[in-house]
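Accompanying notes for the structure given below.
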Amino acid sequence: MDIGINYLTELEEPKNRFDKLYKILLKSRYINTIKFPGKYCDFETLDNFLKLINETGAKPDIHGLPGMVAAIHSKNFVRNVDWEKVKERISECKRISTHIGLENKDRMENYEQGVFENNIKQLKQNLNCEVGIENIPGGFDFDHRTLTPEFITEIWGKADFGVYDISHAKLSAKDLGISYEEYVERLGNKEKVKILHVSGNIDDTGKYEYKPDKHVLINEKEISDVIKLFEQFKNVDLVVSEYAYNTKYSYEKEIVIEVMILNEIIKTKNEQEIRNKLKFLQENLENNLSNLEEIIVLNY
């Protein structure tokens with residue numbers, strides 16, 4: 001099973017400050033895939049991403065393009081995509097994924113028939129790839145009808161493959177007034193899901209109190225639900241950590257913890273061992289990663 005992580009960059013120089021760490025994690029085989037975009041989706045970030053992919057041989061996971069609106073039912077979906085510039089950079093693309101539904105604040109009453117199918121056609125014609133669709137989160141002003149398990153099931157059935165985001169699902173269940181367990185039970189076409197998105201959504205520091213979909217470091221309370229994903233979605237070939245925002249520690253330390261814990265979840269599925277590993281890394285990995293090499297040796 002492939003393991004990936006968001007491609008994070010900064011607005012200030014050096015913008016690609018995490019590339020060195022990604023190379024270490026790739027070389028140590030904790031990850032073999034990098035996902036674009038992470039935080040920022042512009043051509044400069046795409047160029048840095050592709051440079052890293054070419055230098056390391058990592059597998060690219062494309063989840064959006066510069067100018068793309070992450071809402072495949074929207075008439076604006078690829079309206080602002082410069083396909084000539086995109087195809088200069090991405091000549092081959094195995095698959096691309098994006099979010100289901102309409103844009104924030106839009107409603108299904110405004111949806112124009114055929115837009116969804118046309119948007120998929122645009123991606124296939126320009127990139128010659130499979131198209132996957134991800135369930136969107138509650139907590140934002142999305143039309144609740146597009147959050148339902150039945151709507152997700154229908155669209156997964158029309159797509160080449162599905163993407164399941166556990167945090168999005170929990171937030172949608174909350175908006176719909178049902179339990180997370182019921183939400184998952186009502187989902188169909190689970191066999192079409194090829195990619196899982198995992199990220200922490202519990203922030204004990206309160207730093208992101210008003211951010212519904214937090215994309216922070218995994219919390220020990222979330223480990224059990226992540227383990228269960230592999231029982232529910234049996235055809236998954238890629239698990240991606242969408243970690244993007246730090247809370248307690250430096251970005252570098254939290255990236256390492258996130259990746260190592262994700263590996264432990266996939267390899268052992270032993271909740272107590274994973275909790276112990278999380279505690280060990282939090283207490284022993286230096287914030288500046290000065291003892292990273294030692295930690296890597298201890299984890300083999």
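As shown in the structure tokens, the chain order sets the letters A, B, ...; within each chain, residues go from 1, and ligands are also counted from 1 in the order they appear.
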
At most 10 Å is the cut-off: for each residue in segment 241-288 of chain A with any atom that close to an atom of segment 39-48 of chain A, write down the nearest atom pair and the distance in Å rounded to one decimal, counting only C-alpha atoms, chain first then increasing number, as a tab-separated table.
residue	atom	partner	partner_atom	distance
A:Glu242	CA	A:Lys39	CA	9.5
A:Tyr243	CA	A:Lys39	CA	9.7
A:Ala244	CA	A:Lys39	CA	6.7
A:Tyr245	CA	A:Lys39	CA	9.1

Export of prior selection with C-alpha atoms as a PDB file, in the first residue's frame:
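Result file follows (again-v9.pdb):
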ATOM      1  CA  GLU A 242      -3.339  15.674   4.776  1.00  0.00           C
ATOM      2  CA  TYR A 243      -1.551  17.215   7.752  1.00  0.00           C
ATOM      3  CA  ALA A 244      -1.098  20.933   7.003  1.00  0.00           C
ATOM      4  CA  TYR A 245      -1.132  23.031  10.224  1.00  0.00           C
TER       5      TYR A 245
END

Shell of 8 Å around Lys174 of chain A, only C-alpha atoms, local chain residues under 5 positions omitted, as a ChimeraX atom specification
/A:138,179-180

Find the residues around segment 175-177 of chain A up to 12 Å (only C-alpha atoms counted), leave out those fewer than 3 positions away in its own chain, and share them as JSON, numbers by chain.
{"A": [136, 137, 138, 139, 140, 141, 142, 143, 144, 145, 146, 147, 148, 149, 168, 169, 170, 171, 172, 180, 181, 182, 183, 212]}

Identify, on the basis of only C-alpha atoms, every residue whose closest approach to segment 9-21 of chain A does not exceed 9 Å; exclude the query and any residue fewer than 3 positions from it along the same chain; express the result as a PyMOL selection string.
chain A and resi 24-26+38-40+45+48-49+52+251-252+255-256

Keeping only N, CA, C and O atoms, write those residues as a compact mmCIF listing (two decimals), in the first residue's frame.
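The new file result_31.txt reads:
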# COMPACT_ATOMS: atom_id res chain seq x y z
N ILE A 24 14.28 12.79 3.14
CA ILE A 24 14.68 11.84 4.19
C ILE A 24 13.59 10.80 4.40
O ILE A 24 13.87 9.60 4.51
N LEU A 25 12.34 11.24 4.46
CA LEU A 25 11.22 10.32 4.69
C LEU A 25 11.03 9.38 3.51
O LEU A 25 10.65 8.21 3.68
N LEU A 26 11.30 9.86 2.29
CA LEU A 26 11.22 9.01 1.11
C LEU A 26 12.36 7.98 1.12
O LEU A 26 12.12 6.79 0.88
N GLY A 38 -0.85 20.95 -1.24
CA GLY A 38 -0.90 20.81 0.20
C GLY A 38 -1.64 21.98 0.81
O GLY A 38 -2.81 21.88 1.17
N LYS A 39 -0.97 23.13 0.82
CA LYS A 39 -1.64 24.37 1.25
C LYS A 39 -1.93 25.28 0.07
O LYS A 39 -3.01 25.83 -0.05
N TYR A 40 -0.94 25.44 -0.80
CA TYR A 40 -1.03 26.42 -1.87
C TYR A 40 -1.05 25.74 -3.23
O TYR A 40 -0.36 24.75 -3.47
N THR A 45 4.35 26.67 -6.93
CA THR A 45 4.33 25.52 -6.02
C THR A 45 4.29 24.22 -6.81
O THR A 45 4.96 23.24 -6.44
N ASN A 48 7.80 23.44 -7.99
CA ASN A 48 8.63 22.90 -6.91
C ASN A 48 8.26 21.45 -6.60
O ASN A 48 9.13 20.61 -6.34
N PHE A 49 6.96 21.18 -6.62
CA PHE A 49 6.47 19.81 -6.38
C PHE A 49 7.02 18.85 -7.44
O PHE A 49 7.55 17.78 -7.11
N LEU A 52 10.68 18.08 -7.03
CA LEU A 52 10.92 17.09 -5.98
C LEU A 52 10.58 15.68 -6.47
O LEU A 52 11.32 14.73 -6.21
N TYR A 251 6.58 22.40 12.68
CA TYR A 251 6.05 21.69 11.52
C TYR A 251 6.86 20.42 11.27
O TYR A 251 6.30 19.34 11.01
N GLU A 252 8.19 20.56 11.34
CA GLU A 252 9.06 19.43 11.02
C GLU A 252 8.79 18.24 11.95
O GLU A 252 8.66 17.10 11.49
N ILE A 255 5.33 16.69 11.18
CA ILE A 255 5.33 15.93 9.92
C ILE A 255 5.89 14.53 10.17
O ILE A 255 5.32 13.53 9.73
N VAL A 256 7.01 14.46 10.89
CA VAL A 256 7.63 13.16 11.18
C VAL A 256 6.70 12.29 12.01
O VAL A 256 6.51 11.10 11.72

Write out as a list of chain:residue names each polymer residue whose atoms come within 8 Å of segment 274-277 of chain A, counting only C-alpha atoms; drop sequence neighbours fewer than 4 positions from it.
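The contact residues come out as A:Glu220, A:Ile223, A:Ile261, A:Glu264, A:Ile265, A:Lys269, A:Asn270, A:Leu281.
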
Applying 8 Å and only C-alpha atoms, which residues near Val78 of chain A remain after dropping the ones on its own chain fewer than 2 positions away? List them as a count of residues only.
9

Rounded to one decimal, what separation in Å do you get between atom CA of Asp82 of chain A and atom CA of Ile53 of chain A?
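Separation between atom CA of Asp82 of chain A and atom CA of Ile53 of chain A: 21.7 Å.
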
List every residue of segment 143-295 of chain A that DSSP, applied to the backbone of this structure, places in strand (DSSP E), and write the result as a ChimeraX atom specification.
/A:161-165,193-198,238-241

Give me a file of those residues, with all heavy atoms, as a tab-separated table (two decimals), in the first residue's frame.
chain	number	residue	atom	x	y	z
A	161	PHE	N	-13.04	6.31	-9.59
A	161	PHE	CA	-12.74	5.80	-8.26
A	161	PHE	C	-13.19	6.82	-7.22
A	161	PHE	O	-13.50	7.97	-7.54
A	161	PHE	CB	-11.25	5.47	-8.11
A	161	PHE	CG	-10.33	6.66	-8.20
A	161	PHE	CD1	-9.90	7.34	-7.06
A	161	PHE	CD2	-9.88	7.12	-9.43
A	161	PHE	CE1	-9.05	8.44	-7.14
A	161	PHE	CE2	-9.02	8.22	-9.53
A	161	PHE	CZ	-8.61	8.87	-8.38
A	162	GLY	N	-13.22	6.37	-5.97
A	162	GLY	CA	-13.62	7.24	-4.89
A	162	GLY	C	-12.46	7.60	-3.97
A	162	GLY	O	-11.47	6.86	-3.89
A	163	VAL	N	-12.58	8.73	-3.30
A	163	VAL	CA	-11.64	9.16	-2.27
A	163	VAL	C	-12.46	9.39	-1.00
A	163	VAL	O	-13.48	10.07	-1.04
A	163	VAL	CB	-10.91	10.46	-2.65
A	163	VAL	CG1	-9.91	10.86	-1.57
A	163	VAL	CG2	-10.21	10.31	-4.00
A	164	TYR	N	-12.01	8.81	0.10
A	164	TYR	CA	-12.73	8.93	1.37
A	164	TYR	C	-11.89	9.69	2.37
A	164	TYR	O	-10.76	9.30	2.68
A	164	TYR	CB	-13.09	7.56	1.92
A	164	TYR	CG	-13.86	7.62	3.23
A	164	TYR	CD1	-15.22	7.90	3.25
A	164	TYR	CD2	-13.22	7.39	4.45
A	164	TYR	CE1	-15.93	7.95	4.43
A	164	TYR	CE2	-13.93	7.44	5.64
A	164	TYR	CZ	-15.28	7.71	5.63
A	164	TYR	OH	-15.98	7.76	6.81
A	165	ASP	N	-12.45	10.78	2.89
A	165	ASP	CA	-11.79	11.59	3.91
A	165	ASP	C	-12.53	11.41	5.22
A	165	ASP	O	-13.70	11.77	5.34
A	165	ASP	CB	-11.80	13.06	3.48
A	165	ASP	CG	-10.98	13.95	4.41
A	165	ASP	OD1	-11.26	13.95	5.63
A	165	ASP	OD2	-10.06	14.64	3.93
A	193	VAL	N	-13.51	2.93	-3.63
A	193	VAL	CA	-12.60	3.85	-2.95
A	193	VAL	C	-11.16	3.34	-3.05
A	193	VAL	O	-10.85	2.24	-2.59
A	193	VAL	CB	-13.00	4.04	-1.47
A	193	VAL	CG1	-11.94	4.85	-0.73
A	193	VAL	CG2	-14.35	4.75	-1.39
A	194	LYS	N	-10.29	4.14	-3.65
A	194	LYS	CA	-8.89	3.77	-3.84
A	194	LYS	C	-7.95	4.59	-2.94
A	194	LYS	O	-6.83	4.16	-2.67
A	194	LYS	CB	-8.49	4.00	-5.31
A	194	LYS	CG	-9.25	3.14	-6.31
A	194	LYS	CD	-8.89	1.68	-6.18
A	194	LYS	CE	-9.57	0.83	-7.25
A	194	LYS	NZ	-9.06	1.13	-8.60
A	195	ILE	N	-8.42	5.77	-2.50
A	195	ILE	CA	-7.55	6.65	-1.71
A	195	ILE	C	-8.25	7.02	-0.41
A	195	ILE	O	-9.43	7.38	-0.41
A	195	ILE	CB	-7.20	7.93	-2.50
A	195	ILE	CG1	-6.49	7.60	-3.81
A	195	ILE	CG2	-6.33	8.86	-1.65
A	195	ILE	CD1	-6.22	8.82	-4.69
A	196	LEU	N	-7.51	6.96	0.69
A	196	LEU	CA	-7.98	7.43	1.98
A	196	LEU	C	-7.22	8.69	2.37
A	196	LEU	O	-6.00	8.75	2.24
A	196	LEU	CB	-7.76	6.37	3.07
A	196	LEU	CG	-8.50	5.04	2.92
A	196	LEU	CD1	-8.14	4.14	4.09
A	196	LEU	CD2	-10.01	5.24	2.86
A	197	HIS	N	-7.95	9.70	2.83
A	197	HIS	CA	-7.34	10.92	3.37
A	197	HIS	C	-7.49	10.91	4.88
A	197	HIS	O	-8.59	10.77	5.40
A	197	HIS	CB	-8.02	12.16	2.79
A	197	HIS	CG	-7.60	12.48	1.39
A	197	HIS	ND1	-8.15	13.51	0.66
A	197	HIS	CD2	-6.67	11.90	0.58
A	197	HIS	CE1	-7.57	13.55	-0.53
A	197	HIS	NE2	-6.68	12.58	-0.61
A	198	VAL	N	-6.36	11.05	5.55
A	198	VAL	CA	-6.33	11.01	7.01
A	198	VAL	C	-5.67	12.29	7.51
A	198	VAL	O	-4.62	12.69	7.02
A	198	VAL	CB	-5.53	9.79	7.50
A	198	VAL	CG1	-5.41	9.80	9.01
A	198	VAL	CG2	-6.17	8.50	7.01
A	238	LEU	N	-3.77	3.68	-1.68
A	238	LEU	CA	-3.00	4.84	-1.24
A	238	LEU	C	-3.67	5.46	-0.01
A	238	LEU	O	-4.87	5.71	-0.02
A	238	LEU	CB	-2.91	5.88	-2.36
A	238	LEU	CG	-2.34	7.26	-2.00
A	238	LEU	CD1	-0.88	7.15	-1.55
A	238	LEU	CD2	-2.47	8.22	-3.17
A	239	VAL	N	-2.86	5.70	1.02
A	239	VAL	CA	-3.31	6.44	2.20
A	239	VAL	C	-2.48	7.71	2.29
A	239	VAL	O	-1.24	7.65	2.28
A	239	VAL	CB	-3.17	5.62	3.49
A	239	VAL	CG1	-3.75	6.38	4.68
A	239	VAL	CG2	-3.83	4.27	3.36
A	240	VAL	N	-3.15	8.85	2.37
A	240	VAL	CA	-2.45	10.14	2.39
A	240	VAL	C	-2.75	10.88	3.69
A	240	VAL	O	-3.91	11.05	4.06
A	240	VAL	CB	-2.89	11.03	1.20
A	240	VAL	CG1	-2.20	12.38	1.27
A	240	VAL	CG2	-2.58	10.34	-0.12
A	241	SER	N	-1.69	11.31	4.35
A	241	SER	CA	-1.88	12.24	5.46
A	241	SER	C	-2.03	13.64	4.89
A	241	SER	O	-1.15	14.12	4.16
A	241	SER	CB	-0.67	12.22	6.41
A	241	SER	OG	-0.70	13.36	7.24

Residues of segment 71-300 of chain A classed as alpha helix (DSSP H) by DSSP on the backbone are to be reported as a PyMOL selection string.
chain A and resi 83-89+115-127+149-158+166-176+180-186+223-232+251-268+271-284+292-299

Please provide the set of residues having any atom within 9 Å of Arg89 of chain A, restricted to only C-alpha atoms, with same-chain residues fewer than 3 positions apart removed, written as a PDB file with all heavy atoms, in the first residue's frame.
ATOM      1  N   LEU A  46       3.529  24.188  -7.895  1.00  0.00           N
ATOM      2  CA  LEU A  46       3.479  22.993  -8.745  1.00  0.00           C
ATOM      3  C   LEU A  46       4.856  22.680  -9.313  1.00  0.00           C
ATOM      4  O   LEU A  46       5.273  21.517  -9.352  1.00  0.00           O
ATOM      5  CB  LEU A  46       2.465  23.192  -9.870  1.00  0.00           C
ATOM      6  CG  LEU A  46       2.337  22.041 -10.876  1.00  0.00           C
ATOM      7  CD1 LEU A  46       1.942  20.739 -10.193  1.00  0.00           C
ATOM      8  CD2 LEU A  46       1.340  22.397 -11.978  1.00  0.00           C
ATOM      9  N   ASP A  47       5.593  23.715  -9.736  1.00  0.00           N
ATOM     10  CA  ASP A  47       6.936  23.501 -10.279  1.00  0.00           C
ATOM     11  C   ASP A  47       7.871  22.923  -9.222  1.00  0.00           C
ATOM     12  O   ASP A  47       8.666  22.012  -9.504  1.00  0.00           O
ATOM     13  CB  ASP A  47       7.505  24.817 -10.821  1.00  0.00           C
ATOM     14  CG  ASP A  47       6.838  25.241 -12.123  1.00  0.00           C
ATOM     15  OD1 ASP A  47       6.230  24.387 -12.791  1.00  0.00           O
ATOM     16  OD2 ASP A  47       6.924  26.442 -12.466  1.00  0.00           O
ATOM     17  N   LEU A  50       6.899  19.225  -8.704  1.00  0.00           N
ATOM     18  CA  LEU A  50       7.354  18.352  -9.780  1.00  0.00           C
ATOM     19  C   LEU A  50       8.869  18.181  -9.770  1.00  0.00           C
ATOM     20  O   LEU A  50       9.378  17.105 -10.108  1.00  0.00           O
ATOM     21  CB  LEU A  50       6.889  18.910 -11.129  1.00  0.00           C
ATOM     22  CG  LEU A  50       5.365  18.897 -11.344  1.00  0.00           C
ATOM     23  CD1 LEU A  50       4.999  19.633 -12.621  1.00  0.00           C
ATOM     24  CD2 LEU A  50       4.836  17.469 -11.374  1.00  0.00           C
ATOM     25  N   GLU A  84      -2.869  24.932 -21.304  1.00  0.00           N
ATOM     26  CA  GLU A  84      -1.581  24.923 -22.003  1.00  0.00           C
ATOM     27  C   GLU A  84      -0.431  24.884 -20.998  1.00  0.00           C
ATOM     28  O   GLU A  84       0.512  24.091 -21.141  1.00  0.00           O
ATOM     29  CB  GLU A  84      -1.459  26.169 -22.895  1.00  0.00           C
ATOM     30  CG  GLU A  84      -0.195  26.165 -23.742  1.00  0.00           C
ATOM     31  CD  GLU A  84      -0.138  27.348 -24.700  1.00  0.00           C
ATOM     32  OE1 GLU A  84      -1.205  27.904 -25.025  1.00  0.00           O
ATOM     33  OE2 GLU A  84       0.983  27.697 -25.119  1.00  0.00           O
ATOM     34  N   LYS A  85      -0.513  25.713 -19.951  1.00  0.00           N
ATOM     35  CA  LYS A  85       0.537  25.733 -18.929  1.00  0.00           C
ATOM     36  C   LYS A  85       0.539  24.448 -18.115  1.00  0.00           C
ATOM     37  O   LYS A  85       1.597  23.955 -17.721  1.00  0.00           O
ATOM     38  CB  LYS A  85       0.358  26.948 -18.010  1.00  0.00           C
ATOM     39  CG  LYS A  85       0.673  28.269 -18.669  1.00  0.00           C
ATOM     40  CD  LYS A  85       0.451  29.434 -17.721  1.00  0.00           C
ATOM     41  CE  LYS A  85       1.487  29.483 -16.617  1.00  0.00           C
ATOM     42  NZ  LYS A  85       1.366  30.712 -15.787  1.00  0.00           N
ATOM     43  N   VAL A  86      -0.648  23.911 -17.854  1.00  0.00           N
ATOM     44  CA  VAL A  86      -0.726  22.654 -17.103  1.00  0.00           C
ATOM     45  C   VAL A  86      -0.071  21.522 -17.887  1.00  0.00           C
ATOM     46  O   VAL A  86       0.753  20.764 -17.354  1.00  0.00           O
ATOM     47  CB  VAL A  86      -2.197  22.305 -16.779  1.00  0.00           C
ATOM     48  CG1 VAL A  86      -2.314  20.859 -16.284  1.00  0.00           C
ATOM     49  CG2 VAL A  86      -2.739  23.266 -15.735  1.00  0.00           C
ATOM     50  N   GLU A  92       1.950  13.404 -18.382  1.00  0.00           N
ATOM     51  CA  GLU A  92       1.350  12.117 -18.067  1.00  0.00           C
ATOM     52  C   GLU A  92       0.760  12.176 -16.665  1.00  0.00           C
ATOM     53  O   GLU A  92       1.388  12.674 -15.740  1.00  0.00           O
ATOM     54  CB  GLU A  92       2.390  10.995 -18.142  1.00  0.00           C
ATOM     55  CG  GLU A  92       2.932  10.737 -19.533  1.00  0.00           C
ATOM     56  CD  GLU A  92       3.894   9.566 -19.558  1.00  0.00           C
ATOM     57  OE1 GLU A  92       4.006   8.878 -18.531  1.00  0.00           O
ATOM     58  OE2 GLU A  92       4.535   9.358 -20.593  1.00  0.00           O
TER      59      GLU A  92
END

Distance of atom CA of Ile31 of chain A from atom CA of Gly4 of chain A, expressed in Å to one decimal place:
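About the pair atom CA of Gly4 of chain A and atom CA of Ile31 of chain A: they are 5.4 Å apart.
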